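**Q** Pasting a structure here, questions to come.
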Number of protein chains: 2
Amino acid sequence: MTGLNISEGFTCPAPIQAYDRIVSGHGSGGKMTADLIEKTFRKYLESDGLAQGNDAANLPISRQAKRIAVTTDSHIVSPLFFPGGDIGALSVCGTVNDLLTSGAVPQWLTAGFILEEGFPLSDLEKILASMRERSEEAGIRIVAGDTKVVEHGKGDGIFINTSGVGWIVDDFQPGGEKAQTGDTIILSGTIGDHGMAVLCARGEMGFESDIRSDVAPLNEIVNSLRRAAPHTHVLRDPTRGGLSTTLNEIAVQSHVSVEIDETAVPIRPEVRSICDLLGFDPLYVANEGKLVIFVPEVEAQDALTAIRASRYGENAAVIGRVIHGDRSPVTLRTAFGTGRILESLPGEMLPRIC
Amino acid sequence: MTGLNISEGFTCPAPIQAYDRIVSGHGSGGKMTADLIEKTFRKYLESDGLAQGNDAANLPISRQAKRIAVTTDSHIVSPLFFPGGDIGALSVCGTVNDLLTSGAVPQWLTAGFILEEGFPLSDLEKILASMRERSEEAGIRIVAGDTKVVEHGKGDGIFINTSGVGWIVDDFQPGGEKAQTGDTIILSGTIGDHGMAVLCARGEMGFESDIRSDVAPLNEIVNSLRRAAPHTHVLRDPTRGGLSTTLNEIAVQSHVSVEIDETAVPIRPEVRSICDLLGFDPLYVANEGKLVIFVPEVEAQDALTAIRASRYGENAAVIGRVIHGDRSPVTLRTAFGTGRILESLPGEMLPRIC
């Protein structure tokens with residue numbers, strides 16, 4: 001070979017500039033993408049899988065694993081930051097909780113970022129720090145990632161997809177189709193906090209509130225429950241559509257009817273006030289750190305005690321039971337003794353809440 | 001209980017209207033989301049995992065599985081439809097190929113959709129049909145999904161994240177860090193087809209072309225290679241950033257130098273012509289159905305024969321080798337006998353190509 005001609009033109013090696021906002025080149029797959037990964041993502045997210053630097057992470061299978069749980073969620077919440085959390089916290093906790101509801105031990109996350117040109121890198125760093133904090137709390141590792149960039153006006157700052165993998169290690173495998181007549185229904189805490197916190201953070205209501213999102217990874221509640229109520233039939237987190245929609249889904253999946261006691265459903269006074277003021281029904285407002293739990297009556301007391309002793313479970317309560325018969329899927333027994341049929345959320349109430 | 005009062009107001013059961021475009025309620029998590037899943041998604045995508053209807057799919061672990069591969073990719077290609085494929089085909093093939101490059105047998109996909117209000121359902125159906133077709137070809141099943149909706153002007157029709165899980169069943173575990181001096185470098189076919197097909201489909205060039213995207217799942221090539229060249233060191237698909245960027249990544253990961261013979265790199269004449277006309281270097285243009293393969297020289301001929309006999313591998317060619325020394329990571333030996341240093345793509349060349 002006779003000499004190396006450094007090529008000119010667009011492949012000319014350009015120094016990577018310091019940017020404070022996302023630009024198109026950060027999605028190129030070339031040097032700028034590598035630089036963003038190295039200087040920003042790697043600063044917060046580290047794992048064996050990411051360190052491999054290949055197109056897929058090559059990972060071990062746990063010896064305890066009997067089956068595997070797989071789930072995915074995209075996150076588009078607006079605003080990105082709100083009291084109690086942000087889109088990063090949501091993206092980790094939402095997927096962790098979805099794994100937990102199948103009885104799995106959360107193991108790995110993937111994270112796919114769609115960034116809008118002009119998005120401040122300082123905001124991205126805050127979100128990544130939040131993802132790291134919540135991943136550590138949940139004992140899950142982000143093993144694969146992807147970054148894409150869209151033009152200004154073709155996205156909304158940042159969207160995050162998280163997909164999750166967990167190992168199912170024993171017969172603790174709850175499912176929405178497993179509810180049985182006589183089951184006791186437990187709610188792990190207050191409802192409506194997340195939806196109202198995000199709504200207030202939009203600043204369109206003309207008032208402020210102290211409501212904080214309940215976004216949290218619920219490993220501890222599920223681990224306690226695994227020991228206290230090994231025959232738990234159903235676990236589900238009442239996110240979009242709220243408690244009413246979640247109960248309807250379970251009732252339909254299991255071909256049962258459920259009856260809820262309105263006065264037993266824990267709701268913070270400030271959440272109830274804002275819902276009353278704005279005409280929202282807290283039974284339909286999204287939660288991001290709560291579980292609905294169906295257990296055989298015989299294990300109900302132990303389950304409740306265990307949940308209340310767990311982090312994020314101190315306000316747990318028995319809210320209803322599965323009843324015999326082919327009535328409407330979900331009935332709310334009101335404070336006045338009447339019954340109200342609770343439907344699934346029909347249309348949209350609070351868009352972009354998660 | 002004394003009579004059931006059907007509640008009024010926003011929870012009043014509303015009949016689900018027939019829509020021909022996405023509206024906000026399709027992302028509510030309530031009845032309209034369920035209706036969209038039932039009538040549209042389920043029509044094309046069916047699997048045990050999706051049928052479970054839970055927040056995570058509960059799936060078996062293959063008895064052959066020794067390790068597991070996990071990957072993720074978000075897809076934002078513009079336009080959504082182009083000769084040879086669409087965003088649905090890309091989302092399936094891209095993730096399948098990322099699993100294959102780790103030596104895994106592709107097993108499951110998750111699919112997360114971010115839809116913009118106003119997106120035509122007819123386009124969504126076309127995309128889902130394409131996802132079904134490519135999933136069937138690749139022998140992979142979509143086991144979990146998610147649908148979110150953003151306001152008009154906060155997205156761009158549809159973004160799709162696919163995450164993938166595959167089983168690694170033997171010692172065939174290529175990795176970008178495994179290239180060795182003396183390795184033969186094989187390219188499985190022509191480069192530049194995908195990027196130029198998408199660029200031409202944008203209709204901004206003032207001319208038409210017959211170039212079709214090469215988007216395809218490459219299971220057959222990898223399966224042939226597994227038998228013909230069991231000591232394959234590296235497998236990677238040269239997508240964003242093109243062949244040059246991919247070779248640079250591998251050279252850096254493996255601490256080796258590679259030398260490519262310019263005249264050996266297969267490029268279709270029509271792709272070369274358009275690249276020349278518009279000033280693009282095909283070495284940096286994205287591909288979606290090609291593999292770069294590093295094999296020990298002793299297995300190179302068998303590998304080449306096997307790839308050429310496989311679907312999508314008929315134009316495979318030996319394009320270079322791994323050389324001793326600490327020169328620049330990638331050198332292109334030109335038709336004139338000179339050497340040109342090939343860098344990674346420095347900035348952005350063709351945005352939103354995948």
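By convention in this document, the chains of the structure tokens carry letters A, B, ... by their order, each chain's residues are numbered from 1, and ligands are numbered from 1 in the order they are shown.
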Using only C-alpha atoms, I'd like every residue of chain B that has an atom within 6 Å of chain A; please write them out as a VMD selection string.
**A** chain B and resid 2 4 to 6 25 28 to 31 55 to 61 67 to 71 73 to 74 98 to 99 112 144 146 154 to 156 240 to 241 338 to 341 344 to 348
**Q** Those residues you just picked out, can you put them in a file as a compact mmCIF listing (two decimals), in the first residue's frame with C-alpha atoms?
**A**
```txt
# COMPACT_ATOMS: atom_id res chain seq x y z
CA THR B 2 -81.46 -2.38 46.39
CA LEU B 4 -78.42 -0.82 40.44
CA ASN B 5 -78.19 2.79 39.43
CA ILE B 6 -76.40 3.08 36.15
CA GLY B 25 -59.30 7.75 23.40
CA SER B 28 -56.84 5.77 27.23
CA GLY B 29 -56.29 2.25 28.45
CA GLY B 30 -60.09 1.90 28.61
CA LYS B 31 -62.77 0.67 26.25
CA ASP B 55 -49.48 -7.08 31.86
CA ALA B 56 -46.60 -9.44 31.09
CA ALA B 57 -46.55 -12.57 28.94
CA ASN B 58 -45.76 -15.75 30.92
CA LEU B 59 -43.70 -17.97 28.60
CA PRO B 60 -41.72 -21.22 28.65
CA ILE B 61 -37.93 -21.47 28.62
CA ARG B 67 -28.06 -18.25 27.49
CA ILE B 68 -30.46 -15.51 26.44
CA ALA B 69 -30.13 -12.59 24.02
CA VAL B 70 -32.05 -9.35 24.62
CA THR B 71 -32.23 -6.31 22.32
CA ASP B 73 -34.83 -0.78 18.68
CA SER B 74 -37.20 2.11 18.10
CA ASP B 98 -29.93 -7.96 16.05
CA LEU B 99 -30.78 -11.21 17.84
CA GLY B 112 -44.73 -0.68 21.49
CA ALA B 144 -46.52 -8.37 24.29
CA ASP B 146 -48.46 -1.45 24.10
CA LYS B 154 -46.48 15.79 18.89
CA GLY B 155 -45.48 12.72 16.90
CA ASP B 156 -45.24 11.69 13.26
CA ARG B 240 -27.30 3.25 10.55
CA GLY B 241 -23.87 4.57 9.66
CA THR B 338 -4.19 3.78 -2.78
CA GLY B 339 -5.41 3.48 0.78
CA ARG B 340 -8.23 5.58 2.22
CA ILE B 341 -8.92 5.68 5.92
CA SER B 344 -17.18 6.18 11.40
CA LEU B 345 -19.92 8.46 10.13
CA PRO B 346 -19.10 11.75 11.86
CA GLY B 347 -22.45 13.56 11.79
CA GLU B 348 -25.79 12.88 10.16
```
**Q** Give me, as number ranges by chain, all polymer residues having an atom no more than 9 Å from A:Glu220, counting only C-alpha atoms and skipping those fewer than 5 positions away in the same chain.
**A** A: 138, 225, 307, 310-313
**Q** Could the residues in this selection be saved with C-alpha atoms as a CSV table (one decimal), in the first residue's frame?
**A**
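part.csv was written with the following content:
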```
chain,number,residue,atom,x,y,z
A,138,ALA,CA,-36.0,-2.3,41.9
A,225,LEU,CA,-47.2,-11.4,49.4
A,307,ILE,CA,-48.6,-5.6,52.5
A,310,SER,CA,-44.0,-3.4,53.1
A,311,ARG,CA,-42.7,-0.2,51.6
A,312,TYR,CA,-45.4,1.6,49.7
A,313,GLY,CA,-48.1,-0.7,51.2
```
**Q** For atom CA of A:Gly206 and atom CA of B:Glu117, quote the distance in Å rounded to one decimal.
**A**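 The value is 26.9 Å.
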**Q** Based on DSSP run over this structure's backbone, return all residues of stretch 62-247 of chain B in alpha helix (DSSP H), as a VMD selection string.
**A** chain B and resid 87 to 100 121 to 138 193 to 201 219 to 228 242 to 247
**Q** Name all residues at most 8 Å from A:Gly192 (count only C-alpha atoms; drop same-chain ones fewer than 2 positions away) and give them as a short mmCIF file (atom, residue, chain, number, x, y, z; two decimals) with all heavy atoms, in the first residue's frame.
**A**
```cif
data_model
loop_
_atom_site.label_atom_id
_atom_site.label_comp_id
_atom_site.auth_asym_id
_atom_site.auth_seq_id
_atom_site.Cartn_x
_atom_site.Cartn_y
_atom_site.Cartn_z
N THR A 190 -53.60 4.24 48.41
CA THR A 190 -54.53 5.25 47.91
C THR A 190 -54.52 5.34 46.38
O THR A 190 -53.50 5.09 45.74
CB THR A 190 -54.14 6.64 48.46
OG1 THR A 190 -52.78 6.90 48.09
CG2 THR A 190 -54.26 6.67 49.97
N HIS A 194 -51.19 9.61 41.20
CA HIS A 194 -50.36 9.87 40.02
C HIS A 194 -51.08 10.79 39.02
O HIS A 194 -50.53 11.80 38.58
CB HIS A 194 -49.96 8.57 39.32
CG HIS A 194 -49.22 8.82 38.05
ND1 HIS A 194 -47.94 9.31 38.02
CD2 HIS A 194 -49.60 8.69 36.75
CE1 HIS A 194 -47.55 9.48 36.77
NE2 HIS A 194 -48.54 9.11 35.98
N GLY A 195 -52.30 10.41 38.66
CA GLY A 195 -53.02 11.19 37.66
C GLY A 195 -53.20 12.64 38.07
O GLY A 195 -52.99 13.57 37.27
N MET A 196 -53.57 12.85 39.33
CA MET A 196 -53.80 14.22 39.78
C MET A 196 -52.48 15.01 39.90
O MET A 196 -52.45 16.20 39.64
CB MET A 196 -54.57 14.21 41.11
CG MET A 196 -56.03 13.83 40.95
SD MET A 196 -56.96 14.95 39.81
CE MET A 196 -57.34 13.83 38.47
N GLY A 242 -57.46 3.48 35.47
CA GLY A 242 -57.71 3.46 36.91
C GLY A 242 -58.25 2.15 37.45
O GLY A 242 -58.31 1.13 36.76
N ILE A 267 -58.49 6.95 49.55
CA ILE A 267 -58.24 8.12 48.68
C ILE A 267 -57.79 9.26 49.59
O ILE A 267 -58.43 9.55 50.60
CB ILE A 267 -59.53 8.55 47.93
CG1 ILE A 267 -60.08 7.37 47.11
CG2 ILE A 267 -59.24 9.75 47.03
CD1 ILE A 267 -61.40 7.66 46.41
N VAL A 271 -56.59 14.53 47.09
CA VAL A 271 -56.92 13.98 45.77
C VAL A 271 -58.43 14.02 45.57
O VAL A 271 -58.94 14.42 44.52
CB VAL A 271 -56.39 12.53 45.63
CG1 VAL A 271 -56.95 11.86 44.39
CG2 VAL A 271 -54.86 12.53 45.61
N PRO A 282 -62.09 9.52 40.94
CA PRO A 282 -60.78 8.91 41.25
C PRO A 282 -60.71 7.43 40.90
O PRO A 282 -59.61 6.89 40.73
CB PRO A 282 -60.62 9.14 42.76
CG PRO A 282 -61.96 9.58 43.27
CD PRO A 282 -62.70 10.16 42.12
N LEU A 283 -61.85 6.79 40.76
CA LEU A 283 -61.86 5.37 40.39
C LEU A 283 -61.34 5.15 38.97
O LEU A 283 -61.07 4.02 38.57
CB LEU A 283 -63.27 4.79 40.52
CG LEU A 283 -63.85 4.75 41.94
CD1 LEU A 283 -65.34 4.45 41.90
CD2 LEU A 283 -63.10 3.69 42.77
N TYR A 284 -61.25 6.24 38.20
CA TYR A 284 -60.78 6.12 36.82
C TYR A 284 -59.42 6.80 36.60
O TYR A 284 -58.93 6.88 35.48
CB TYR A 284 -61.81 6.73 35.86
CG TYR A 284 -63.07 5.89 35.78
CD1 TYR A 284 -64.13 6.10 36.66
CD2 TYR A 284 -63.18 4.86 34.86
CE1 TYR A 284 -65.26 5.31 36.62
CE2 TYR A 284 -64.31 4.06 34.81
CZ TYR A 284 -65.35 4.29 35.70
OH TYR A 284 -66.46 3.49 35.65
N VAL A 285 -58.85 7.31 37.67
CA VAL A 285 -57.59 8.05 37.54
C VAL A 285 -56.40 7.09 37.67
O VAL A 285 -56.42 6.17 38.49
CB VAL A 285 -57.51 9.18 38.59
CG1 VAL A 285 -56.17 9.90 38.51
CG2 VAL A 285 -58.66 10.17 38.39
N ALA A 286 -55.37 7.32 36.86
CA ALA A 286 -54.22 6.41 36.79
C ALA A 286 -53.38 6.42 38.06
O ALA A 286 -53.20 7.47 38.70
CB ALA A 286 -53.34 6.78 35.61
N ASN A 287 -52.84 5.25 38.39
CA ASN A 287 -51.91 5.07 39.51
C ASN A 287 -50.65 4.43 38.95
O ASN A 287 -50.69 3.69 37.99
CB ASN A 287 -52.54 4.13 40.54
CG ASN A 287 -53.96 4.54 40.85
OD1 ASN A 287 -54.18 5.48 41.60
ND2 ASN A 287 -54.94 3.87 40.24
#
```
**Q** Do a neighbour search on A:Ile293 at 10 Å with only C-alpha atoms, toss out local chain neighbours closer than 2 positions, and write the hits as a list in words.
**A**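 That gives Thr101, Pro174, Ala179, Asp183, Thr184, Ile185, Ile186, Leu187, Ser188, Val222, Leu225, Thr232, His233, Val234, Leu235, Arg236, Asp237, Lys290, Leu291, Val295, Ala300, Ala303, Leu304, Val318 and Ile319 of chain A.
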**Q** Could the residues in this selection be saved with N, CA, C and O atoms as a JSON list (two decimals), in the first residue's frame?
**A**
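Result file part-v4.json:
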```json
[["chain", "number", "residue", "atom", "x", "y", "z"],
["A", 101, "THR", "N", -46.41, -8.32, 38.44],
["A", 101, "THR", "CA", -47.80, -8.80, 38.47],
["A", 101, "THR", "C", -47.93, -10.22, 37.90],
["A", 101, "THR", "O", -48.94, -10.87, 38.13],
["A", 174, "PRO", "N", -49.61, -15.35, 39.46],
["A", 174, "PRO", "CA", -50.94, -14.76, 39.36],
["A", 174, "PRO", "C", -51.28, -14.41, 37.91],
["A", 174, "PRO", "O", -50.39, -14.23, 37.08],
["A", 179, "ALA", "N", -59.10, -15.19, 38.99],
["A", 179, "ALA", "CA", -59.98, -14.78, 40.10],
["A", 179, "ALA", "C", -61.05, -15.84, 40.33],
["A", 179, "ALA", "O", -61.55, -16.44, 39.38],
["A", 183, "ASP", "N", -62.99, -14.76, 46.49],
["A", 183, "ASP", "CA", -61.71, -14.05, 46.67],
["A", 183, "ASP", "C", -61.92, -12.71, 47.37],
["A", 183, "ASP", "O", -62.90, -12.00, 47.10],
["A", 184, "THR", "N", -60.98, -12.38, 48.21],
["A", 184, "THR", "CA", -60.94, -11.05, 48.84],
["A", 184, "THR", "C", -60.10, -10.14, 47.95],
["A", 184, "THR", "O", -59.06, -10.56, 47.43],
["A", 185, "ILE", "N", -60.56, -8.90, 47.77],
["A", 185, "ILE", "CA", -59.84, -7.95, 46.91],
["A", 185, "ILE", "C", -59.17, -6.89, 47.79],
["A", 185, "ILE", "O", -59.83, -6.21, 48.58],
["A", 186, "ILE", "N", -57.86, -6.80, 47.65],
["A", 186, "ILE", "CA", -57.08, -5.84, 48.44],
["A", 186, "ILE", "C", -56.48, -4.81, 47.49],
["A", 186, "ILE", "O", -56.05, -5.14, 46.38],
["A", 187, "LEU", "N", -56.49, -3.55, 47.94],
["A", 187, "LEU", "CA", -55.82, -2.48, 47.20],
["A", 187, "LEU", "C", -54.63, -2.04, 48.05],
["A", 187, "LEU", "O", -54.77, -1.85, 49.25],
["A", 188, "SER", "N", -53.47, -1.88, 47.43],
["A", 188, "SER", "CA", -52.25, -1.69, 48.23],
["A", 188, "SER", "C", -52.07, -0.27, 48.79],
["A", 188, "SER", "O", -51.12, -0.02, 49.52],
["A", 222, "VAL", "N", -44.74, -7.37, 46.63],
["A", 222, "VAL", "CA", -44.95, -8.67, 45.98],
["A", 222, "VAL", "C", -44.13, -9.76, 46.67],
["A", 222, "VAL", "O", -44.61, -10.89, 46.85],
["A", 225, "LEU", "N", -45.96, -10.70, 49.77],
["A", 225, "LEU", "CA", -47.18, -11.41, 49.40],
["A", 225, "LEU", "C", -46.88, -12.85, 49.00],
["A", 225, "LEU", "O", -47.64, -13.77, 49.30],
["A", 232, "THR", "N", -52.18, -16.40, 45.98],
["A", 232, "THR", "CA", -52.70, -15.18, 45.36],
["A", 232, "THR", "C", -53.13, -15.48, 43.92],
["A", 232, "THR", "O", -52.38, -16.06, 43.15],
["A", 233, "HIS", "N", -54.36, -15.09, 43.58],
["A", 233, "HIS", "CA", -54.88, -15.40, 42.24],
["A", 233, "HIS", "C", -54.55, -14.34, 41.20],
["A", 233, "HIS", "O", -54.20, -14.65, 40.07],
["A", 234, "VAL", "N", -54.71, -13.07, 41.60],
["A", 234, "VAL", "CA", -54.52, -11.99, 40.63],
["A", 234, "VAL", "C", -53.72, -10.87, 41.26],
["A", 234, "VAL", "O", -53.93, -10.52, 42.43],
["A", 235, "LEU", "N", -52.81, -10.32, 40.47],
["A", 235, "LEU", "CA", -52.05, -9.11, 40.82],
["A", 235, "LEU", "C", -52.12, -8.20, 39.59],
["A", 235, "LEU", "O", -51.79, -8.64, 38.49],
["A", 236, "ARG", "N", -52.53, -6.98, 39.77],
["A", 236, "ARG", "CA", -52.47, -6.06, 38.61],
["A", 236, "ARG", "C", -52.30, -4.64, 39.11],
["A", 236, "ARG", "O", -52.83, -4.28, 40.17],
["A", 237, "ASP", "N", -51.56, -3.82, 38.34],
["A", 237, "ASP", "CA", -51.41, -2.42, 38.74],
["A", 237, "ASP", "C", -52.42, -1.57, 37.98],
["A", 237, "ASP", "O", -52.46, -1.58, 36.76],
["A", 290, "LYS", "N", -49.41, 1.24, 42.70],
["A", 290, "LYS", "CA", -50.42, 0.51, 43.44],
["A", 290, "LYS", "C", -50.67, -0.85, 42.81],
["A", 290, "LYS", "O", -50.45, -1.04, 41.61],
["A", 291, "LEU", "N", -51.15, -1.77, 43.64],
["A", 291, "LEU", "CA", -51.52, -3.09, 43.14],
["A", 291, "LEU", "C", -52.92, -3.43, 43.60],
["A", 291, "LEU", "O", -53.31, -3.11, 44.73],
["A", 295, "VAL", "N", -57.01, -12.48, 46.54],
["A", 295, "VAL", "CA", -56.49, -13.64, 47.28],
["A", 295, "VAL", "C", -57.64, -14.47, 47.83],
["A", 295, "VAL", "O", -58.72, -13.93, 48.11],
["A", 300, "ALA", "N", -56.37, -13.86, 53.22],
["A", 300, "ALA", "CA", -56.55, -12.41, 53.08],
["A", 300, "ALA", "C", -55.92, -11.63, 54.24],
["A", 300, "ALA", "O", -55.24, -10.62, 54.02],
["A", 303, "ALA", "N", -52.21, -11.65, 54.03],
["A", 303, "ALA", "CA", -51.80, -10.82, 52.90],
["A", 303, "ALA", "C", -51.82, -9.34, 53.28],
["A", 303, "ALA", "O", -50.86, -8.60, 53.06],
["A", 304, "LEU", "N", -52.91, -8.91, 53.87],
["A", 304, "LEU", "CA", -53.08, -7.51, 54.25],
["A", 304, "LEU", "C", -51.99, -7.08, 55.24],
["A", 304, "LEU", "O", -51.37, -6.01, 55.08],
["A", 318, "VAL", "N", -58.68, -3.85, 52.44],
["A", 318, "VAL", "CA", -59.61, -4.75, 51.75],
["A", 318, "VAL", "C", -60.70, -3.87, 51.16],
["A", 318, "VAL", "O", -61.32, -3.07, 51.87],
["A", 319, "ILE", "N", -60.92, -3.97, 49.85],
["A", 319, "ILE", "CA", -61.92, -3.08, 49.23],
["A", 319, "ILE", "C", -63.11, -3.83, 48.65],
["A", 319, "ILE", "O", -64.07, -3.20, 48.22]]
```
**Q** Output as a count of residues only all residues of stretch 146-222 of chain B that backbone DSSP marks as strand (DSSP E).
**A** 20
**Q** Excluding same-chain residues fewer than 5 positions from B:Glu125, what lies within 9 Å of it counting only C-alpha atoms, as a list in words?
**A** Thr40, Phe41, Lys43, Tyr44, Pro120 and Ser130 of chain B
**Q** Quick one: pull the distance between atom CA of B:Cys200 and atom CA of B:Ser213, Å, one decimal.
**A** 10.5 Å
**Q** Using only C-alpha atoms, which of A:Glu297, A:Asp261, A:Asp210, A:Glu270 sits nearest A:Pro83?
**A**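 Result for the nearest residue to A:Pro83: A:Asp210.
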**Q** If we count only C-alpha atoms, what is near A:Pro79 at a cut-off of 7 Å, once residues fewer than 2 positions away on the same chain are taken out, given as an NGL selection string?
**A** :A and (77 or 81-82 or 201-202)
